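**Student:** Just dropping this structure here.
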Amino acid sequence: MAYDKILVVGGGISGITAAVEAAEMEYDVYLVEKEPSLGGRVAQLRYYFPKLCPPTCGLEMNYRRIKTNPRITVYTMATVKNISGGPGNYRVTVEIAPRYVNENCTACGECEKVCQGERDNAFDFGRSKTKAIYLPHPMAFPMRYVLDKSALADGDLDRIMQACKYNAIDPNMQPQTVELEVGAIIWATGWKPYDARKLDNLGYGRFENVITNMEMERLASPNGPTGGKILRPSDQTEPKTVAFVQCAGSRDENHLPYCSYICCLASLKQSLYLAEQNQDTEIYIFYIDIRTPGRYEKFLRRAQEEARINFIKGKVAKIEEDPGSKDLIVTAEDTLSGKKVEQRVNMVVLATGMQPSLAGMELPAGVRVDENGFVQITEGMYACGCARMPLDVMTSNETATAAALKAIQTIVRG
């Protein structure tokens, strides 16, 4: 007997899209997300392509579609542990970690006010802190707090429980295991930024004012660590000169051998963030090739018109720091002029590559990935978004709709 339900693994924009598309075609869907909230990488952005919308634009609409559709069951803090069976007849074991906050939570925030313990905020890539009990981010779905028991200060638990009027804190909550029977599985596990610490010559982790492009998104976001003001980390001042280093880890046989597709556009977009803040900011983009596929050629023209961008065709050899000013000296060869360039800037942004989230992970039986960690499509198991290849948001959503249709075809054929 074939099962007529669909499992979507990953609750970012492509996973959400696949889930709502399948559910609106009257199929029951389980949506499994390992983080405490849906939203994925899009929730961390200031704006996303192609229309430069804030995350609220796409996520709020889709959250509403989830809330109003009883065919979608969402599991957060959940991980797929085991898969057995085959197309049309999968049995999937999902493990759900304890949130220590139950469904009574109204996100009123009283618990957070009395909590003293703090933890690094992974949503801001460690550039801010949250309390031990925290809301994952302002657009969290479900809109419910999470308790990190390892970060509690002495007396915090008593204070939190007393502050909660809704009996929502459950410190004895245990891990749960659920068994799901589904006909098809969609992998929408997304991507992670390549670890910039592996790029020894670029100084990330050693020099305070070398940041990644995703950290730049958080600095530019109104709900980010600086309230949307782009400030360099060492002294919280506005940078007057900024260098973008393209292909930081991408197109490199020692790191990621492929082009990450969206990095050039991200740097152009972030140049506009800087121009919005201060039109006089001098920007240097060190690149191998500027890649703006399809319709995005127009965006390159816009960035050239609105921001003060100096394009330098050449791979960056090294980045050094002036210890006194914390300024950075970027060394590269300008391949067009044949001259060595040593450019002094206040801050450097590394356009780190997109690595699939499954890269390097132990995977359940039946899940196939290529040598880079991208999911390979097989009958009954489909991939969408950046689990499949580096993509922008618009194309991720297109592949999500396609994956939903393929999953339905598997069920119908079964």
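Ligands are numbered from 1 in the order shown, chains are lettered A, B, ... in the order of the structure tokens, and residues start at 1 in each chain.
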Using only C-alpha atoms, determine which residues lie at most 9 Å from A:Gly183, disregarding the query and same-chain residues fewer than 5 positions distant; provide the list as a ChimeraX atom specification.

**Tutor:** /A:2-7,86-91,380,407-408,410-411,414

**Student:** Please produce a file of the residues just selected, as a short mmCIF file (atom, residue, chain, number, x, y, z; two decimals), in the first residue's frame, where the atoms kept are all heavy atoms.

**Tutor:**
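Ended up saving to selection_6.cif:
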data_model
loop_
_atom_site.label_atom_id
_atom_site.label_comp_id
_atom_site.auth_asym_id
_atom_site.auth_seq_id
_atom_site.Cartn_x
_atom_site.Cartn_y
_atom_site.Cartn_z
N ALA A 2 0.58 2.17 -0.88
CA ALA A 2 1.35 3.42 -0.95
C ALA A 2 0.78 4.43 0.05
O ALA A 2 -0.42 4.50 0.27
CB ALA A 2 1.30 4.00 -2.35
N TYR A 3 1.70 5.19 0.64
CA TYR A 3 1.29 6.25 1.57
C TYR A 3 1.06 7.53 0.77
O TYR A 3 1.82 7.84 -0.16
CB TYR A 3 2.35 6.47 2.63
CG TYR A 3 2.69 5.23 3.44
CD1 TYR A 3 4.01 4.80 3.57
CD2 TYR A 3 1.67 4.49 4.06
CE1 TYR A 3 4.32 3.66 4.31
CE2 TYR A 3 1.98 3.35 4.79
CZ TYR A 3 3.30 2.93 4.91
OH TYR A 3 3.60 1.81 5.63
N ASP A 4 0.04 8.31 1.15
CA ASP A 4 -0.30 9.50 0.36
C ASP A 4 0.12 10.80 1.03
O ASP A 4 -0.42 11.85 0.74
CB ASP A 4 -1.80 9.51 0.06
CG ASP A 4 -2.65 9.55 1.34
OD1 ASP A 4 -2.07 9.49 2.45
OD2 ASP A 4 -3.88 9.63 1.20
N LYS A 5 1.10 10.71 1.93
CA LYS A 5 1.61 11.92 2.59
C LYS A 5 3.02 12.22 2.10
O LYS A 5 3.73 11.34 1.59
CB LYS A 5 1.60 11.73 4.11
CG LYS A 5 0.20 11.55 4.70
CD LYS A 5 0.26 11.34 6.20
CE LYS A 5 -1.14 11.32 6.82
NZ LYS A 5 -1.99 10.23 6.29
N ILE A 6 3.44 13.49 2.27
CA ILE A 6 4.74 13.94 1.79
C ILE A 6 5.53 14.51 2.97
O ILE A 6 4.98 15.24 3.81
CB ILE A 6 4.58 15.02 0.70
CG1 ILE A 6 3.89 14.43 -0.54
CG2 ILE A 6 5.93 15.64 0.32
CD1 ILE A 6 3.42 15.47 -1.54
N LEU A 7 6.81 14.18 3.03
CA LEU A 7 7.71 14.75 4.03
C LEU A 7 8.59 15.79 3.36
O LEU A 7 9.22 15.51 2.33
CB LEU A 7 8.58 13.66 4.65
CG LEU A 7 9.73 14.14 5.56
CD1 LEU A 7 9.21 14.87 6.79
CD2 LEU A 7 10.62 12.97 5.97
N GLY A 86 10.83 2.43 0.47
CA GLY A 86 11.18 2.97 -0.83
C GLY A 86 10.09 3.88 -1.35
O GLY A 86 9.14 4.22 -0.62
N PRO A 87 10.18 4.32 -2.59
CA PRO A 87 9.20 5.24 -3.16
C PRO A 87 7.77 4.76 -2.95
O PRO A 87 7.44 3.61 -3.23
CB PRO A 87 9.56 5.26 -4.65
CG PRO A 87 11.00 4.90 -4.69
CD PRO A 87 11.22 3.94 -3.57
N GLY A 88 6.95 5.64 -2.40
CA GLY A 88 5.56 5.31 -2.11
C GLY A 88 5.35 4.72 -0.73
O GLY A 88 4.23 4.75 -0.20
N ASN A 89 6.43 4.20 -0.14
CA ASN A 89 6.28 3.50 1.15
C ASN A 89 7.48 3.75 2.07
O ASN A 89 8.22 2.82 2.40
CB ASN A 89 6.14 1.98 0.92
CG ASN A 89 4.90 1.62 0.14
OD1 ASN A 89 3.83 1.48 0.71
ND2 ASN A 89 5.04 1.48 -1.18
N TYR A 90 7.71 5.00 2.43
CA TYR A 90 8.81 5.31 3.33
C TYR A 90 8.31 5.33 4.78
O TYR A 90 7.23 5.84 5.08
CB TYR A 90 9.41 6.68 3.02
CG TYR A 90 10.17 6.76 1.72
CD1 TYR A 90 9.63 7.45 0.63
CD2 TYR A 90 11.41 6.18 1.58
CE1 TYR A 90 10.33 7.55 -0.56
CE2 TYR A 90 12.11 6.27 0.38
CZ TYR A 90 11.56 6.95 -0.68
OH TYR A 90 12.25 7.05 -1.86
N ARG A 91 9.13 4.79 5.67
CA ARG A 91 8.92 4.97 7.11
C ARG A 91 10.09 5.81 7.62
O ARG A 91 11.26 5.43 7.43
CB ARG A 91 8.85 3.64 7.85
CG ARG A 91 7.59 2.84 7.55
CD ARG A 91 7.53 1.55 8.36
NE ARG A 91 7.46 1.82 9.79
CZ ARG A 91 6.32 2.05 10.45
NH1 ARG A 91 5.16 2.07 9.80
NH2 ARG A 91 6.33 2.27 11.75
N GLY A 380 11.34 9.07 -5.76
CA GLY A 380 10.78 9.13 -4.41
C GLY A 380 11.44 10.16 -3.52
O GLY A 380 10.86 10.58 -2.53
N ALA A 407 6.89 14.88 -6.18
CA ALA A 407 6.49 14.05 -5.04
C ALA A 407 5.06 13.53 -5.21
O ALA A 407 4.77 12.36 -4.93
CB ALA A 407 6.60 14.89 -3.76
N ILE A 408 4.17 14.38 -5.71
CA ILE A 408 2.78 13.98 -5.95
C ILE A 408 2.70 12.90 -7.02
O ILE A 408 1.96 11.92 -6.90
CB ILE A 408 1.92 15.21 -6.30
CG1 ILE A 408 1.76 16.11 -5.07
CG2 ILE A 408 0.56 14.78 -6.85
CD1 ILE A 408 1.19 17.47 -5.37
N THR A 410 4.94 10.66 -7.65
CA THR A 410 5.38 9.40 -7.02
C THR A 410 4.23 8.74 -6.28
O THR A 410 4.02 7.52 -6.37
CB THR A 410 6.55 9.67 -6.06
OG1 THR A 410 7.65 10.20 -6.80
CG2 THR A 410 6.98 8.39 -5.35
N ILE A 411 3.48 9.56 -5.54
CA ILE A 411 2.34 9.02 -4.78
C ILE A 411 1.26 8.48 -5.71
O ILE A 411 0.71 7.40 -5.51
CB ILE A 411 1.78 10.12 -3.85
CG1 ILE A 411 2.78 10.41 -2.73
CG2 ILE A 411 0.43 9.70 -3.27
CD1 ILE A 411 2.45 11.65 -1.91
N GLY A 414 2.31 5.32 -7.18
CA GLY A 414 2.39 4.22 -6.20
C GLY A 414 1.09 3.53 -5.99
O GLY A 414 1.03 2.38 -5.56
#

**Student:** Which neighbours of A:Arg302 fall inside 12 Å, counting only C-alpha atoms, when residues of the same chain fewer than 4 positions from it are skipped, and could you give them as number ranges by chain?

**Tutor:** A: 265, 268-269, 271-272, 275, 296-298, 306-309

**Student:** Identify, on the basis of only C-alpha atoms, every residue whose closest approach to A:Ala97 does not exceed 10 Å; exclude the query and any residue fewer than 2 positions from it along the same chain; express the result as JSON, numbers by chain.

**Tutor:** {"A": [34, 35, 36, 76, 77, 78, 79, 94, 95, 99, 100, 173, 174, 175, 176, 177]}

**Student:** Do you know which residues are at most 9 Å from A:Ser37 counting only C-alpha atoms, after dropping those on the same chain fewer than 4 positions away, and could you put them as a list in words?

**Tutor:**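 Counting only C-alpha atoms, the residues come to Gly11, Glu33, Thr76, Met77, Pro136, His137, Met139, Ala140, Phe141, Pro142, Met143 and Arg144 of chain A.
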
**Student:** Would you put the residues from that selection into a file with N, CA and C atoms, as a PDB file, in the first residue's frame?

**Tutor:**
ATOM      1  N   GLY A  11      12.898  23.849   6.680  1.00  0.00           N
ATOM      2  CA  GLY A  11      11.839  24.849   6.749  1.00  0.00           C
ATOM      3  C   GLY A  11      12.261  26.241   6.344  1.00  0.00           C
ATOM      4  N   GLU A  33      11.912  20.815  10.537  1.00  0.00           N
ATOM      5  CA  GLU A  33      12.974  21.830  10.574  1.00  0.00           C
ATOM      6  C   GLU A  33      13.828  21.624  11.828  1.00  0.00           C
ATOM      7  N   THR A  76       9.388  21.542  14.598  1.00  0.00           N
ATOM      8  CA  THR A  76      10.643  22.293  14.707  1.00  0.00           C
ATOM      9  C   THR A  76      11.549  21.596  15.718  1.00  0.00           C
ATOM     10  N   MET A  77      12.821  21.974  15.722  1.00  0.00           N
ATOM     11  CA  MET A  77      13.855  21.336  16.546  1.00  0.00           C
ATOM     12  C   MET A  77      13.852  19.830  16.284  1.00  0.00           C
ATOM     13  N   PRO A 136      13.653  32.990  18.798  1.00  0.00           N
ATOM     14  CA  PRO A 136      14.706  32.763  17.800  1.00  0.00           C
ATOM     15  C   PRO A 136      15.010  33.986  16.937  1.00  0.00           C
ATOM     16  N   HIS A 137      13.973  34.685  16.493  1.00  0.00           N
ATOM     17  CA  HIS A 137      14.145  35.952  15.780  1.00  0.00           C
ATOM     18  C   HIS A 137      12.768  36.612  15.696  1.00  0.00           C
ATOM     19  N   MET A 139      10.719  37.248  13.449  1.00  0.00           N
ATOM     20  CA  MET A 139       9.723  36.650  12.550  1.00  0.00           C
ATOM     21  C   MET A 139       9.580  35.153  12.796  1.00  0.00           C
ATOM     22  N   ALA A 140       9.839  34.719  14.016  1.00  0.00           N
ATOM     23  CA  ALA A 140       9.841  33.291  14.306  1.00  0.00           C
ATOM     24  C   ALA A 140       8.467  32.660  14.060  1.00  0.00           C
ATOM     25  N   PHE A 141       8.498  31.449  13.510  1.00  0.00           N
ATOM     26  CA  PHE A 141       7.289  30.627  13.360  1.00  0.00           C
ATOM     27  C   PHE A 141       7.671  29.204  13.725  1.00  0.00           C
ATOM     28  N   PRO A 142       7.136  28.659  14.817  1.00  0.00           N
ATOM     29  CA  PRO A 142       6.096  29.256  15.659  1.00  0.00           C
ATOM     30  C   PRO A 142       6.646  30.408  16.508  1.00  0.00           C
ATOM     31  N   MET A 143       5.763  31.364  16.822  1.00  0.00           N
ATOM     32  CA  MET A 143       6.138  32.509  17.641  1.00  0.00           C
ATOM     33  C   MET A 143       6.137  32.053  19.106  1.00  0.00           C
ATOM     34  N   ARG A 144       7.223  31.345  19.456  1.00  0.00           N
ATOM     35  CA  ARG A 144       7.295  30.756  20.792  1.00  0.00           C
ATOM     36  C   ARG A 144       8.746  30.777  21.272  1.00  0.00           C
TER      37      ARG A 144
END

**Student:** With a distance cut-off of 12 Å and only C-alpha atoms, select the neighbouring residues of A:Asp322, excluding the residue or stretch itself and same-chain residues fewer than 3 positions from it, and output the selection as a VMD selection string.

**Tutor:** chain A and resid 207 to 209 319 325 to 330 344 to 347

**Student:** Using only C-alpha atoms, determine which residues lie at most 9 Å from A:Leu363, disregarding the query and same-chain residues fewer than 4 positions distant; provide the list as a PyMOL selection string.

**Tutor:** chain A and resi 80-82+358+367-368

**Student:** Ranking A:Ile72, A:Ile230, A:Val210, A:Ile160 by minimum distance to A:Ala18 and counting only C-alpha atoms, which one comes first?

**Tutor:**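 So, comparing all the options, the nearest one is A:Ile72.
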
**Student:** Determine which residues of stretch 59-158 of chain A DSSP labels as strand (DSSP E) from the backbone of this structure, then write them out as number ranges by chain.

**Tutor:** A: 72-75, 78-86, 89-96, 118-120, 129-131, 133-134, 146-147

**Student:** Hey, which of A:Ala332, A:Leu350, A:Val114, A:Leu31 ends up closest to A:Leu202? Count only C-alpha atoms.

**Tutor:**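 Answer, going by the shortest atom-to-atom distance: A:Leu350.
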
**Student:** Please determine, counting only C-alpha atoms, which residue among A:Leu180, A:Cys111, A:Val74, A:Ile312 has the shortest atom-to-atom distance to A:Gly338.

**Tutor:**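 Among the listed residues, A:Ile312 lies closest to A:Gly338.
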
**Student:** Where does DSSP see alpha helix (DSSP H) in stretch 252-305 of chain A, if you list the residues as an MDAnalysis selection string?

**Tutor:** chainID A and resid 263:277 297:305

**Student:** If we count only C-alpha atoms, what is near A:Thr212 at a cut-off of 10 Å, once residues fewer than 4 positions away on the same chain are taken out, given as a ChimeraX atom specification?

**Tutor:** /A:125,193-196,204,216-217,244-245,248,348-353

**Student:** Could you work out how far atom CA of A:Thr189 lies from atom CA of A:Val369, giving the answer in Å with one decimal?

**Tutor:** 12.1 Å

**Student:** Could you please determine the separation between atom CA of A:Leu274 and atom CA of A:Ile288 in Å, to one decimal place?

**Tutor:**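 Atom CA of A:Ile288 lies 22.2 Å from atom CA of A:Leu274.
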
**Student:** From the options A:Arg71, A:Lys240, A:Arg41, A:Lys229, which residue's atoms come nearest to A:Cys386, counting only C-alpha atoms?

**Tutor:** A:Arg41
